[in-house]
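**Q** What follows is a structure written as structure tokens; I'll ask about it next.
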Amino acid sequence: MKVVIPVEQARVDSPISSIFGRSPFFYLFDSETNQGSFLESTFLFGQSAGIQAAQLMIDHGVDVLISNRCGENAMRLLSAGNITVYHAAASGAAENLELFFAGKLSLL
Amino acid sequence: MKIAILSGKGGTGKTFVSVNLSYIQQDAVYLDCDVEVPNGHLYLPIENPVVEPVDMPIPSILHEKCSRCRACMNFCAFHALSFTGKQVLLFDHLCHNCGGCALVCPNKAIQEVPYNIGSISSGNFEHVRVYSGSLNPGQMQGSAIIRRMIDQTRHLPNLVMDCSPGNSCHVVQGIVEADLCILVAEPTVFGVNDMRICIDLLNTYNKPFGIVINKSLDTRNYIKTFCREHNIKVLAEIPLSPELARINASGQLAAKDAEYSRIFKKILKNAQALLGPRLESHPDSVQDREVF
Amino acid sequence: MKQLLILSGKGGTGKTTIASSFISLLKGQQKACFADCDVDVPNLHLIFSEGQTMLSQKTCFGKRAVINQSLCTHCGLCEQHCRFGAMKNGVVNPYLCEGCGVCELVCPIGSGSEKAVHLAETSTGSYSVSATEYGIFSTASLKPGAGATGKTINMVKQNLSTYGENAEIAVIDGSPGIGCPIISSVAGVDLVLLVLEPSLSGLSDLTRILKTVRQLRVPAVACINRSDTAPQFTQDIYRYCAEHELMVLEEIPFDPLVIRAVNHNRPIVDYPNSPAAQRVTSLFSKTLEVLNTL
């Protein structure tokens with residue numbers, strides 16, 4: 001399962017970004033390989049950043065997104081791409097990941 | 001004579017001036033180009049309106065022909081097309097109806113279908129011919145509605161185009177078509193600031209224009225000073241009057257009153273004088289230059 | 001950060017007057033930031049023009065069609081395909097061009113950016129962020145007719161979030177209308193305050209802005225400005241709002257001091273004895289109460 005968390009910096013201890021589309025980086029964790037990597041936003045200051053971020057998730061085969069705020073357009077695309085979105089419950093990326101796998105996060 | 005009525009700031013009295021200016025003429029055609037929040041029809045209620053829907057072409061994907069090449073997505077400058085992993089998805093409210101995706105698709109998998117964005121109501125109110133454009137709430141852009149109204153009335157001699165406030169592309173549609181522009185301004189710090197921005201736009205188009213100062217007070221009038229310094233013609237000064245405000249607030253035409261109608265006749269006369277030796281004005285006088 | 005956006009539908013109802021008062025009242029109360037999303041004709045900076053320190057100023061760009069006249073063969077294909085009337089007789093009207101790229105696509109001469117018709121980045125204005133005694137201020141100034149309103153508003157709000165991230169509340173002054181600028185302004189906002197005018201036009205425009213805001217699924221509240229100038233319409237507005245579950249928090253009387261305040265570049269609440277100032281202050285408390293429940 002591929003889980004993504006939008007983060008402010010390319011570090012696992014980074015705080016989670018407040019808005020999905022406006023996040024500079026995305027931490028992608030693959031539970032099958034137990035590996036994590038960072039995707040970088042190329043559309044941070046552009047139009048329809050939310051849609052572009054959602055497209056990035058789809059193109060990387062993401063299954064789950066953990067986020068604070070997520071715009072309507074992005075949600076629509078994520079949902080059409082069968083990506084489940086959970087509401088972040090902590091400020092750090094690593095903590096949210098733990099909470100998710102412990103089944104403690106609720107749907108956004 | 002085709003007149004565009006503009007302002008920088010909202011609420012200065014464009015519709016007030018436009019509807020009354022239309023009413024005092026014998027054969028004016030009033031176009032409500034403020035399609036997001038049209039108000040002219042409240043003052044000039046159309047008898048037996050003909051309502052024409054305005055549809056814009058939006059892409060419809062023929063999924064069975066689609067090869068998922070993403071040419072359409074990559075072309076779209078407005079991010080209206082995305083890929084869900086299975087098929088192309090359209091965000092219709094982001095679409096600018098340019099037709100590019102249909103052109104670029106190598107498999108002819110995009111067809112354009114009509115999508116309703118609003119309507120135009122037309123008809124008469126007494127001796128005034130009225131066109132009222134309306135954008136559906138939730139839609140982004142009404143330029144196509146304005147263009148359609150202008151296309152339908154271009155051949156008519158006396159147009160009064162009631163434009164939206166600001167200086168967006170909606171306003172530009174009216175300026176391009178007009179022989180002259182009337183800028184309705186209010187004499188406050190905000191009003192002058194916004195008027196100046198509007199004047200910059202008008203100067204780029206090289207259109208003759210004059211100012212109507214509305215809601216004028218006896219006190220220091222920044223606009224008059226500005227106009228004097230910049231050699232801009234003031235077509236009329238309408239005082240801040242509770243009586244006029246009451247008439248206007250209730251949707252009545254001030255020009256039905258003999259005394260008030262004189263104000264609008266004066267505006268028209270002074271506007272006509274602006275044209276003077278400039279009998280023809282090329283609407284497309286903007287040159288191809290990287291003007292910014 | 002909670003975001004409050006002030007809209008109206010109809011122009012000239014008093015959005016900036018109220019926004020500037022709220023910003024002034026927040027000083028010392030809460031850490032605030034503010035933005036002017038009326039990017040076509042921004043006015044908020046006129047009230048807070050003193051004591052600003054510029055933190056960032058950047059040029060906004062948009063793509064517009066450009067014709068290389070030395071390559072152009074006047075085949076007219078671009079004009080034929082342009083849906084915005086921006087191409088006429090081999091001349092681009094940059095104010096009507098929407099940067100869609102169809103002209104570049106169909107141009108048969110050359111390739112890439114060497115095509116006779118191609119899109120080029122053009123400056124459409126600038127956006128700026130400054131530090132003021134009232135908080136971080138994000139605004140923009142568009143070149144008249146540049147037609148990049150939605151994109152510019154996105155940037156103004158993005159700057160607000162970035163530079164004002166430590167603020168508890170953001171007050172955003174909106175523009176009139178219901179289209180793209182409003183839709184861009186509403187994104188991510190917690191509460192919309194509608195400033196209404198008691199008149200036939202005001203009532204008509206209320207129906208449209210409310211429909212728009214409801215479609216965007218953002219909570220809204222309202223106030224009636226210059227409520228005593230047309231009492232029958234004020235009553236009509238109350239009735240409409242009740243029928244449509246829109247809470248009217250306050251009504252503000254017409255007050256000539258408001259014009260004087262504006263002309264002195266001051267918010268009306270700087271004149272505490274003004275009847276309008278008193279009601280605006282009451283509106284401010286009531287709005288904050290609602291915002292805190294969201």
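Ligands are numbered from 1 in the order shown, chains are lettered A, B, ... in the order of the structure tokens, and residues start at 1 in each chain.
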Using only C-alpha atoms, which chain A residues lie at most 12 Å away from chain C, written as a VMD selection string?
**A** chain A and resid 8 17 to 24 44 to 50 68 to 74
**Q** Just the selected residues (C-alpha atoms), exported as a PDB file, in the first residue's frame, please.
**A**
ATOM      1  CA  GLU A   8       6.850  21.217   4.317  1.00  0.00           C
ATOM      2  CA  SER A  17       1.569  20.894   5.131  1.00  0.00           C
ATOM      3  CA  SER A  18      -1.675  22.682   5.903  1.00  0.00           C
ATOM      4  CA  ILE A  19      -3.035  22.603   2.361  1.00  0.00           C
ATOM      5  CA  PHE A  20      -2.529  19.573   0.086  1.00  0.00           C
ATOM      6  CA  GLY A  21      -2.174  21.425  -3.220  1.00  0.00           C
ATOM      7  CA  ARG A  22       0.201  24.023  -1.808  1.00  0.00           C
ATOM      8  CA  SER A  23       2.630  21.537  -0.337  1.00  0.00           C
ATOM      9  CA  PRO A  24       6.248  21.737  -1.578  1.00  0.00           C
ATOM     10  CA  LEU A  44       3.468  25.085  -6.072  1.00  0.00           C
ATOM     11  CA  PHE A  45       2.738  28.586  -7.299  1.00  0.00           C
ATOM     12  CA  GLY A  46       0.633  27.705 -10.295  1.00  0.00           C
ATOM     13  CA  GLN A  47      -3.054  27.509 -11.030  1.00  0.00           C
ATOM     14  CA  SER A  48      -5.069  24.481  -9.984  1.00  0.00           C
ATOM     15  CA  ALA A  49      -2.295  23.232  -7.726  1.00  0.00           C
ATOM     16  CA  GLY A  50      -4.725  20.899  -5.977  1.00  0.00           C
ATOM     17  CA  ASN A  68      -5.333  18.536   6.503  1.00  0.00           C
ATOM     18  CA  ARG A  69      -7.172  20.638   4.003  1.00  0.00           C
ATOM     19  CA  CYS A  70      -7.924  19.416   0.549  1.00  0.00           C
ATOM     20  CA  GLY A  71      -9.794  21.451  -2.070  1.00  0.00           C
ATOM     21  CA  GLU A  72     -12.944  20.273  -3.765  1.00  0.00           C
ATOM     22  CA  ASN A  73     -11.383  19.783  -7.189  1.00  0.00           C
ATOM     23  CA  ALA A  74      -8.513  17.748  -5.746  1.00  0.00           C
TER      24      ALA A  74
END
**Q** Write down as a ChimeraX atom specification the residues of stretch 39-241 of chain C whose backbone DSSP state falls under alpha helix (DSSP H).
**A** /C:44-47,77-81,102-106,149-163,180-186,200-215,231-241
**Q** What residues in chain C lie within 7 Å of chain B, counting only C-alpha atoms, written as a PyMOL selection string?
**A** chain C and resi 9-13+40-41+43+83+91-93+95-96+100+102+122-124+144-145+147+176-180+199-201+205+208+211-212+215+230+262-263
**Q** Output the contact residues of chain A with respect to chain B at a cut-off of 10 Å, based on only C-alpha atoms, as a ChimeraX atom specification.
**A** /A:47-49,51-52,54-55,57-61,73,76-83
**Q** Next, the residues of the selection above should be written as a compact mmCIF listing (two decimals), in the first residue's frame with C-alpha atoms.
**A**
# COMPACT_ATOMS: atom_id res chain seq x y z
CA GLN A 47 -3.05 27.51 -11.03
CA SER A 48 -5.07 24.48 -9.98
CA ALA A 49 -2.29 23.23 -7.73
CA ILE A 51 -5.64 19.15 -9.20
CA GLN A 52 -1.99 18.85 -10.17
CA ALA A 54 -3.94 14.89 -7.07
CA GLN A 55 -2.69 13.95 -10.54
CA MET A 57 -0.73 10.99 -6.58
CA ILE A 58 -2.58 9.08 -9.30
CA ASP A 59 0.50 8.89 -11.49
CA HIS A 60 2.46 7.34 -8.60
CA GLY A 61 -0.15 4.72 -7.87
CA ASN A 73 -11.38 19.78 -7.19
CA ARG A 76 -12.97 14.89 -6.83
CA LEU A 77 -9.93 13.71 -8.77
CA LEU A 78 -8.54 11.73 -5.85
CA SER A 79 -11.85 9.99 -5.41
CA ALA A 80 -12.12 9.23 -9.15
CA GLY A 81 -8.60 7.81 -8.89
CA ASN A 82 -9.65 5.55 -6.01
CA ILE A 83 -7.41 7.26 -3.50
**Q** Suppose you want the space between atom CA of B:Ile120 and atom CA of B:Ala102; what is it in Å?
**A**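 Between these atoms lies a distance of 27.4 Å.
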**Q** Would you mind listing what lies within 8 Å of B:Ser119 as a PDB file with N, CA, C and O atoms, in the first residue's frame, with only C-alpha atoms counted and same-chain residues fewer than 5 positions away left out?
**A**
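part_3.pdb, freshly written:
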ATOM      1  N   VAL B  51     -36.147  34.542 -24.117  1.00  0.00           N
ATOM      2  CA  VAL B  51     -34.959  34.092 -23.377  1.00  0.00           C
ATOM      3  C   VAL B  51     -34.158  33.127 -24.241  1.00  0.00           C
ATOM      4  O   VAL B  51     -34.677  32.093 -24.672  1.00  0.00           O
ATOM      5  N   GLU B  52     -32.923  33.508 -24.506  1.00  0.00           N
ATOM      6  CA  GLU B  52     -32.067  32.659 -25.334  1.00  0.00           C
ATOM      7  C   GLU B  52     -30.972  32.062 -24.464  1.00  0.00           C
ATOM      8  O   GLU B  52     -30.185  32.795 -23.871  1.00  0.00           O
ATOM      9  N   PRO B  53     -30.904  30.740 -24.352  1.00  0.00           N
ATOM     10  CA  PRO B  53     -29.812  30.168 -23.548  1.00  0.00           C
ATOM     11  C   PRO B  53     -28.475  30.400 -24.253  1.00  0.00           C
ATOM     12  O   PRO B  53     -28.417  30.404 -25.485  1.00  0.00           O
ATOM     13  N   VAL B  54     -27.440  30.613 -23.455  1.00  0.00           N
ATOM     14  CA  VAL B  54     -26.098  30.738 -24.030  1.00  0.00           C
ATOM     15  C   VAL B  54     -25.306  29.501 -23.632  1.00  0.00           C
ATOM     16  O   VAL B  54     -25.101  29.226 -22.447  1.00  0.00           O
ATOM     17  N   GLY B 133     -28.104  40.205 -20.129  1.00  0.00           N
ATOM     18  CA  GLY B 133     -27.308  38.981 -20.070  1.00  0.00           C
ATOM     19  C   GLY B 133     -27.187  38.503 -18.640  1.00  0.00           C
ATOM     20  O   GLY B 133     -27.091  39.303 -17.721  1.00  0.00           O
ATOM     21  N   SER B 134     -27.205  37.194 -18.457  1.00  0.00           N
ATOM     22  CA  SER B 134     -27.118  36.660 -17.100  1.00  0.00           C
ATOM     23  C   SER B 134     -26.261  35.398 -17.072  1.00  0.00           C
ATOM     24  O   SER B 134     -26.491  34.454 -17.829  1.00  0.00           O
ATOM     25  N   LEU B 135     -25.259  35.404 -16.209  1.00  0.00           N
ATOM     26  CA  LEU B 135     -24.371  34.249 -16.039  1.00  0.00           C
ATOM     27  C   LEU B 135     -24.942  33.374 -14.926  1.00  0.00           C
ATOM     28  O   LEU B 135     -25.338  33.884 -13.883  1.00  0.00           O
ATOM     29  N   ASN B 136     -25.000  32.070 -15.125  1.00  0.00           N
ATOM     30  CA  ASN B 136     -25.505  31.189 -14.064  1.00  0.00           C
ATOM     31  C   ASN B 136     -24.568  31.222 -12.866  1.00  0.00           C
ATOM     32  O   ASN B 136     -23.356  31.076 -13.025  1.00  0.00           O
ATOM     33  N   ILE B 145     -21.244  35.553 -23.142  1.00  0.00           N
ATOM     34  CA  ILE B 145     -22.608  36.098 -23.114  1.00  0.00           C
ATOM     35  C   ILE B 145     -22.574  37.536 -23.608  1.00  0.00           C
ATOM     36  O   ILE B 145     -23.419  37.969 -24.414  1.00  0.00           O
TER      37      ILE B 145
END
**Q** What gap, in Å, lies between atom CA of B:Lys65 and atom CA of B:Asn107?
**A**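 We find that atom CA of B:Lys65 and atom CA of B:Asn107 lie 6.4 Å from each other.
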**Q** For atom CA of B:Gln152 and atom CA of B:Met1, quote the distance in Å rounded to one decimal.
**A**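 Going from atom CA of B:Gln152 over to atom CA of B:Met1 covers 16.0 Å.
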**Q** So, counting only C-alpha atoms, which residue among B:Cys105, B:Val88, B:Leu275, B:Leu156 is closest to B:Lys207?
**A**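 Ranking B:Cys105, B:Val88, B:Leu275, B:Leu156 by distance to B:Lys207, first place goes to B:Leu275.
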